[in-house]
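Enquirer: Let me give you the structure first, and then I'll get to my questions.
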Amino acid sequence: MIALDHPWVAVGQRRVFRVLLDAWARPGTVADLGEWSGGARARLAVLAGLCDAATTLHDTHGMLSDGDRSRLGARTAGVDIATFVLADGTRDPARLTPARGTLLAPERGATVVLDCQAVGEGPALRLTGPGIDGVGELRVLGIDPRWWIARSAWCAFPLGVDLILCDARRIACIPRSIAMEI
Amino acid sequence: MPDCDLALAPRTAVIDLAAVLSQGRRVEHLSVPQEGLWLVQITEPVRGDGWYIGEVPVGQACIALHDPQRGEARGGAVLMHADRELATAAAVCDAIARSGWPGADEVARLRNEGTAIRAQVDGVRAAILERTRVDFCELGQEDA
């Protein structure tokens, strides 16, 4: 058998999806995807678990190799209409305008997969909102603070974008419904 | 010789041959192999609307074979079997056949086996079809 490795194995992708569901339900909690990423950064495991031929993807900073791009199967789309947007969190988000959805179709707001230096380490963000008991804390290292300004401009619930922060192994989710303080 | 004849060759023979041909080489999946039901869509000619005529089981794979000396060879397969392992093996054979690397003769031999099986199946089907033939002209004469 000429086998595939993680993150392209279906059983691993299902586990990643399960972890993502939990992470969405508990914003700011840090989850480890190292077991299913096959040595790649967590962003690839996240995209492999979410993307297929029915989805669209915008690789803002050209972070995916041609092979990974092909294996993901998602169609390439402009940043303003893509279902998933991959971006480098260390770079300025200026001129990035992901889909925010509409009042009739808020689900069309993009999910932004943001690669950063470390999730669970570094300066703390204070999070409040659905899924958080009181005030939550998420530490993120190596991210341009202008991303938080951009996010506040994009999000006006139910419109907005959902963030998945990724480092080498770990992820954390910040849905659009969450209020955030630096 | 149609590529599809490889799909009619014995499954284990295709998989075993692909395993031999990929020894010492790296198999890179260019897309994630898939298996399942394919909704066959056609476009009707009047209004141009799409509609589904049915489902067929499909397995598909697309690979690149990396050889330390010879470089890269690419191959793909879409088979009417919901079997991604077989599709991957067929894609490896396809890469070897297209590139003409050593082993292409073995792939050709397997295709010949598939061709023979196809001819046999076509013959059986033709015989079944022949038994269902109705000569309406003769029926009309009997009625008269």
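Residues are named by chain letter and number: chains run A, B, ... in the order of the structure tokens, numbers start at 1 in each chain, and ligands are numbered from 1 in the order shown.
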For Ala48 in chain A, list every protein, DNA or RNA residue within 8 Å, evaluated using only C-alpha atoms, and leave out those in the same chain fewer than 3 positions away; present the list as a PDB file with C-alpha atoms, in the first residue's frame.

Expert:
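Saved the output as out.pdb:
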ATOM      1  CA  PRO A   7      -2.216  15.546   7.680  1.00  0.00           C
ATOM      2  CA  TRP A   8      -3.740  13.898   4.600  1.00  0.00           C
ATOM      3  CA  GLN A  13      -8.473  14.927   9.578  1.00  0.00           C
ATOM      4  CA  LEU A  44      -1.650  22.773   7.349  1.00  0.00           C
ATOM      5  CA  ALA A  45      -3.456  20.268   9.580  1.00  0.00           C
ATOM      6  CA  CYS A  51     -10.816  22.332   3.003  1.00  0.00           C
ATOM      7  CA  ASP A  52     -12.096  20.273   0.118  1.00  0.00           C
ATOM      8  CA  LEU A  72      -5.939  20.654  -0.196  1.00  0.00           C
TER       9      LEU A  72
END

Enquirer: Identify all chain B residues at most 7 Å from chain A by counting only C-alpha atoms; ligands do not count. Present them as a list of chain:residue names.

Expert: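 Using only C-alpha atoms, chain B residues at most 7 Å from chain A: B:Leu30, B:Ser31, B:Val32, B:Glu85.
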
Enquirer: Mind checking which residues fall within 8 Å of Arg25 in chain B, counting only C-alpha atoms, ignoring those fewer than 3 positions away in the same chain, and posting them as a list in words?

Expert: Ser22, Leu65, His66, Asp67 and Pro68 of chain B

Enquirer: Those residues with N, CA and C atoms, as an mmCIF file, in the first residue's frame please?

Expert:
data_model
loop_
_atom_site.group_PDB
_atom_site.id
_atom_site.type_symbol
_atom_site.label_atom_id
_atom_site.label_comp_id
_atom_site.auth_asym_id
_atom_site.auth_seq_id
_atom_site.Cartn_x
_atom_site.Cartn_y
_atom_site.Cartn_z
ATOM 1 N N SER B 22 7.514 1.147 -7.372
ATOM 2 C CA SER B 22 7.779 2.316 -6.520
ATOM 3 C C SER B 22 8.899 2.056 -5.513
ATOM 4 N N LEU B 65 6.125 10.353 -9.230
ATOM 5 C CA LEU B 65 7.099 9.350 -8.820
ATOM 6 C C LEU B 65 8.483 9.988 -8.933
ATOM 7 N N HIS B 66 9.211 10.000 -7.811
ATOM 8 C CA HIS B 66 10.536 10.636 -7.811
ATOM 9 C C HIS B 66 11.612 9.562 -7.760
ATOM 10 N N ASP B 67 12.436 9.543 -8.793
ATOM 11 C CA ASP B 67 13.511 8.574 -8.883
ATOM 12 C C ASP B 67 14.842 9.318 -8.726
ATOM 13 N N PRO B 68 15.750 8.796 -7.888
ATOM 14 C CA PRO B 68 17.010 9.517 -7.644
ATOM 15 C C PRO B 68 17.804 9.777 -8.926
#

Enquirer: Can you pull out the residues contacting Thr60 in chain A? Cut-off 7 Å, using only C-alpha atoms, and skip same-chain residues under 2 positions away; I want them as a ChimeraX atom specification.

Expert: /A:58,62,85-87

Enquirer: Can you list, as a PyMOL selection string, every residue of range 30-103 of chain B that DSSP puts in helix (DSSP H, G or I)?

Expert: chain B and resi 84-99

Enquirer: Grab the residues selected above and save them as a PDB file, in the first residue's frame with N, CA and C atoms.

Expert:
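Saved as part_15.pdb:
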ATOM      1  N   ARG B  84      -9.464   3.528  -3.519  1.00  0.00           N
ATOM      2  CA  ARG B  84      -8.374   4.490  -3.695  1.00  0.00           C
ATOM      3  C   ARG B  84      -7.012   3.798  -3.753  1.00  0.00           C
ATOM      4  N   GLU B  85      -6.911   2.624  -3.122  1.00  0.00           N
ATOM      5  CA  GLU B  85      -5.633   1.903  -3.172  1.00  0.00           C
ATOM      6  C   GLU B  85      -5.354   1.446  -4.606  1.00  0.00           C
ATOM      7  N   LEU B  86      -6.386   0.940  -5.265  1.00  0.00           N
ATOM      8  CA  LEU B  86      -6.230   0.511  -6.651  1.00  0.00           C
ATOM      9  C   LEU B  86      -5.960   1.714  -7.559  1.00  0.00           C
ATOM     10  N   ALA B  87      -6.657   2.816  -7.293  1.00  0.00           N
ATOM     11  CA  ALA B  87      -6.445   4.019  -8.111  1.00  0.00           C
ATOM     12  C   ALA B  87      -5.015   4.529  -7.969  1.00  0.00           C
ATOM     13  N   THR B  88      -4.489   4.494  -6.755  1.00  0.00           N
ATOM     14  CA  THR B  88      -3.118   4.944  -6.536  1.00  0.00           C
ATOM     15  C   THR B  88      -2.138   4.029  -7.272  1.00  0.00           C
ATOM     16  N   ALA B  89      -2.371   2.730  -7.172  1.00  0.00           N
ATOM     17  CA  ALA B  89      -1.497   1.776  -7.869  1.00  0.00           C
ATOM     18  C   ALA B  89      -1.570   1.987  -9.373  1.00  0.00           C
ATOM     19  N   ALA B  90      -2.758   2.210  -9.884  1.00  0.00           N
ATOM     20  CA  ALA B  90      -2.913   2.452 -11.321  1.00  0.00           C
ATOM     21  C   ALA B  90      -2.214   3.739 -11.735  1.00  0.00           C
ATOM     22  N   ALA B  91      -2.237   4.732 -10.860  1.00  0.00           N
ATOM     23  CA  ALA B  91      -1.559   6.002 -11.167  1.00  0.00           C
ATOM     24  C   ALA B  91      -0.049   5.801 -11.239  1.00  0.00           C
ATOM     25  N   VAL B  92       0.477   4.948 -10.353  1.00  0.00           N
ATOM     26  CA  VAL B  92       1.920   4.644 -10.403  1.00  0.00           C
ATOM     27  C   VAL B  92       2.255   3.945 -11.728  1.00  0.00           C
ATOM     28  N   CYS B  93       1.433   2.971 -12.099  1.00  0.00           N
ATOM     29  CA  CYS B  93       1.655   2.275 -13.379  1.00  0.00           C
ATOM     30  C   CYS B  93       1.557   3.252 -14.544  1.00  0.00           C
ATOM     31  N   ASP B  94       0.619   4.162 -14.447  1.00  0.00           N
ATOM     32  CA  ASP B  94       0.443   5.158 -15.514  1.00  0.00           C
ATOM     33  C   ASP B  94       1.689   6.035 -15.651  1.00  0.00           C
ATOM     34  N   ALA B  95       2.255   6.422 -14.494  1.00  0.00           N
ATOM     35  CA  ALA B  95       3.466   7.253 -14.516  1.00  0.00           C
ATOM     36  C   ALA B  95       4.621   6.505 -15.196  1.00  0.00           C
ATOM     37  N   ILE B  96       4.768   5.227 -14.865  1.00  0.00           N
ATOM     38  CA  ILE B  96       5.846   4.428 -15.452  1.00  0.00           C
ATOM     39  C   ILE B  96       5.632   4.284 -16.964  1.00  0.00           C
ATOM     40  N   ALA B  97       4.384   4.013 -17.349  1.00  0.00           N
ATOM     41  CA  ALA B  97       4.098   3.814 -18.774  1.00  0.00           C
ATOM     42  C   ALA B  97       4.327   5.097 -19.565  1.00  0.00           C
ATOM     43  N   ARG B  98       3.889   6.222 -19.005  1.00  0.00           N
ATOM     44  CA  ARG B  98       4.035   7.490 -19.718  1.00  0.00           C
ATOM     45  C   ARG B  98       5.492   7.896 -19.874  1.00  0.00           C
ATOM     46  N   SER B  99       6.278   7.618 -18.831  1.00  0.00           N
ATOM     47  CA  SER B  99       7.675   8.058 -18.845  1.00  0.00           C
ATOM     48  C   SER B  99       8.570   7.070 -19.590  1.00  0.00           C
TER      49      SER B  99
END

Enquirer: Which neighbours of Gly109 in chain A fall inside 9 Å, counting only C-alpha atoms, when residues of the same chain fewer than 5 positions from it are skipped, and could you give them as a PDB file with N, CA and C atoms, in the first residue's frame?

Expert:
ATOM      1  N   ILE A  81     -13.774  37.033  -1.143  1.00  0.00           N
ATOM      2  CA  ILE A  81     -14.849  36.037  -1.263  1.00  0.00           C
ATOM      3  C   ILE A  81     -14.434  34.655  -0.757  1.00  0.00           C
ATOM      4  N   ALA A  82     -13.174  34.482  -0.399  1.00  0.00           N
ATOM      5  CA  ALA A  82     -12.697  33.147  -0.010  1.00  0.00           C
ATOM      6  C   ALA A  82     -13.330  32.704   1.308  1.00  0.00           C
ATOM      7  N   THR A  83     -13.649  31.420   1.382  1.00  0.00           N
ATOM      8  CA  THR A  83     -14.175  30.845   2.620  1.00  0.00           C
ATOM      9  C   THR A  83     -13.086  30.812   3.681  1.00  0.00           C
ATOM     10  N   PRO A  98     -11.082  40.388   4.130  1.00  0.00           N
ATOM     11  CA  PRO A  98     -11.797  39.110   4.044  1.00  0.00           C
ATOM     12  C   PRO A  98     -13.305  39.317   4.094  1.00  0.00           C
ATOM     13  N   ALA A  99     -14.023  38.321   3.587  1.00  0.00           N
ATOM     14  CA  ALA A  99     -15.489  38.397   3.574  1.00  0.00           C
ATOM     15  C   ALA A  99     -16.014  38.458   5.006  1.00  0.00           C
ATOM     16  N   ARG A 100     -16.974  39.348   5.250  1.00  0.00           N
ATOM     17  CA  ARG A 100     -17.570  39.481   6.583  1.00  0.00           C
ATOM     18  C   ARG A 100     -18.967  38.878   6.643  1.00  0.00           C
ATOM     19  N   GLY A 101     -19.450  38.376   5.480  1.00  0.00           N
ATOM     20  CA  GLY A 101     -20.821  37.901   5.420  1.00  0.00           C
ATOM     21  C   GLY A 101     -21.783  39.055   5.275  1.00  0.00           C
ATOM     22  N   THR A 102     -23.066  38.729   5.205  1.00  0.00           N
ATOM     23  CA  THR A 102     -24.099  39.754   5.144  1.00  0.00           C
ATOM     24  C   THR A 102     -25.121  39.442   6.222  1.00  0.00           C
ATOM     25  N   LEU A 159     -21.898  39.780  11.760  1.00  0.00           N
ATOM     26  CA  LEU A 159     -20.916  39.847  10.670  1.00  0.00           C
ATOM     27  C   LEU A 159     -19.504  39.764  11.239  1.00  0.00           C
ATOM     28  N   GLY A 160     -18.568  39.393  10.376  1.00  0.00           N
ATOM     29  CA  GLY A 160     -17.184  39.384  10.813  1.00  0.00           C
ATOM     30  C   GLY A 160     -16.436  38.165  10.343  1.00  0.00           C
ATOM     31  N   VAL A 161     -15.244  37.995  10.893  1.00  0.00           N
ATOM     32  CA  VAL A 161     -14.402  36.850  10.531  1.00  0.00           C
ATOM     33  C   VAL A 161     -14.085  36.062  11.798  1.00  0.00           C
ATOM     34  N   ASP A 162     -13.853  34.780  11.606  1.00  0.00           N
ATOM     35  CA  ASP A 162     -13.445  33.910  12.706  1.00  0.00           C
ATOM     36  C   ASP A 162     -11.959  33.629  12.555  1.00  0.00           C
TER      37      ASP A 162
END

Enquirer: Which of range 10-141 of chain A counts as strand (DSSP E) under DSSP, as an mmCIF file with C-alpha atoms, in the first residue's frame please?

Expert:
data_model
loop_
_atom_site.group_PDB
_atom_site.id
_atom_site.type_symbol
_atom_site.label_atom_id
_atom_site.label_comp_id
_atom_site.auth_asym_id
_atom_site.auth_seq_id
_atom_site.Cartn_x
_atom_site.Cartn_y
_atom_site.Cartn_z
ATOM 1 C CA ALA A 31 -5.212 22.640 21.564
ATOM 2 C CA ASP A 32 -2.304 20.589 20.283
ATOM 3 C CA THR A 56 -12.375 28.323 -1.525
ATOM 4 C CA LEU A 57 -9.002 29.406 -0.187
ATOM 5 C CA HIS A 58 -6.889 32.534 -0.393
ATOM 6 C CA ASP A 59 -3.198 32.120 0.457
ATOM 7 C CA ARG A 75 -10.421 26.386 -5.249
ATOM 8 C CA THR A 76 -8.378 29.581 -5.245
ATOM 9 C CA PHE A 84 -10.751 30.362 4.172
ATOM 10 C CA VAL A 85 -7.932 32.890 4.253
ATOM 11 C CA LEU A 86 -4.415 31.879 5.223
ATOM 12 C CA ALA A 87 -2.126 34.661 6.383
ATOM 13 C CA ASP A 88 1.165 35.289 8.126
ATOM 14 C CA THR A 111 -12.362 31.931 8.553
ATOM 15 C CA VAL A 112 -8.875 33.383 8.795
ATOM 16 C CA VAL A 113 -6.100 30.924 9.599
ATOM 17 C CA LEU A 114 -3.388 33.065 11.107
ATOM 18 C CA ASP A 115 0.103 31.666 11.492
ATOM 19 C CA ALA A 118 3.589 30.759 19.479
ATOM 20 C CA VAL A 119 0.090 30.106 20.789
ATOM 21 C CA GLY A 120 -0.132 29.796 24.567
ATOM 22 C CA GLU A 121 2.939 31.956 25.166
ATOM 23 C CA GLY A 122 3.627 35.690 25.071
ATOM 24 C CA PRO A 123 1.402 38.712 25.751
ATOM 25 C CA ALA A 124 -2.079 37.958 27.065
ATOM 26 C CA LEU A 125 -5.367 38.771 25.359
ATOM 27 C CA ARG A 126 -8.490 39.088 27.516
ATOM 28 C CA LEU A 127 -11.501 37.388 25.957
ATOM 29 C CA THR A 128 -15.173 37.596 26.884
ATOM 30 C CA GLY A 136 -10.638 34.183 29.495
ATOM 31 C CA GLU A 137 -7.010 34.676 28.714
ATOM 32 C CA LEU A 138 -5.110 33.689 25.595
ATOM 33 C CA ARG A 139 -1.405 34.250 25.156
ATOM 34 C CA VAL A 140 -0.080 34.769 21.635
ATOM 35 C CA LEU A 141 3.495 35.497 20.615
#

Enquirer: Could you name the residues that touch Arg151 in chain A at 12 Å or less, counting only C-alpha atoms, but leaving out those on the same chain fewer than 2 positions away, as number ranges by chain?

Expert: A: 93-94, 96-100, 110-112, 114, 144-149, 153-157, 159-163, 174-181

Enquirer: Between B:Glu44, B:Asp105, B:Glu35, B:Glu28, which is the closest to Pro57 in chain B once you count only C-alpha atoms?

Expert: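 Using only C-alpha atoms, the shortest distance to Pro57 in chain B belongs to B:Glu35.
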
Enquirer: What separation in Å, quoted to one decimal, exists between CA of Asp22 in chain A and CA of Cys173 in chain A?

Expert: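 CA of Cys173 in chain A lies 9.4 Å from CA of Asp22 in chain A.
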
Enquirer: Can you work out the spacing between CA of Asp5 in chain B and CA of Ala53 in chain A in Å, to one decimal?

Expert: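 Going from CA of Asp5 in chain B over to CA of Ala53 in chain A, I get 28.2 Å.
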
Enquirer: CA of Val78 in chain B and CA of Ala61 in chain B are how many Å apart?

Expert: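 Computing it gives 6.7 Å between the two atoms.
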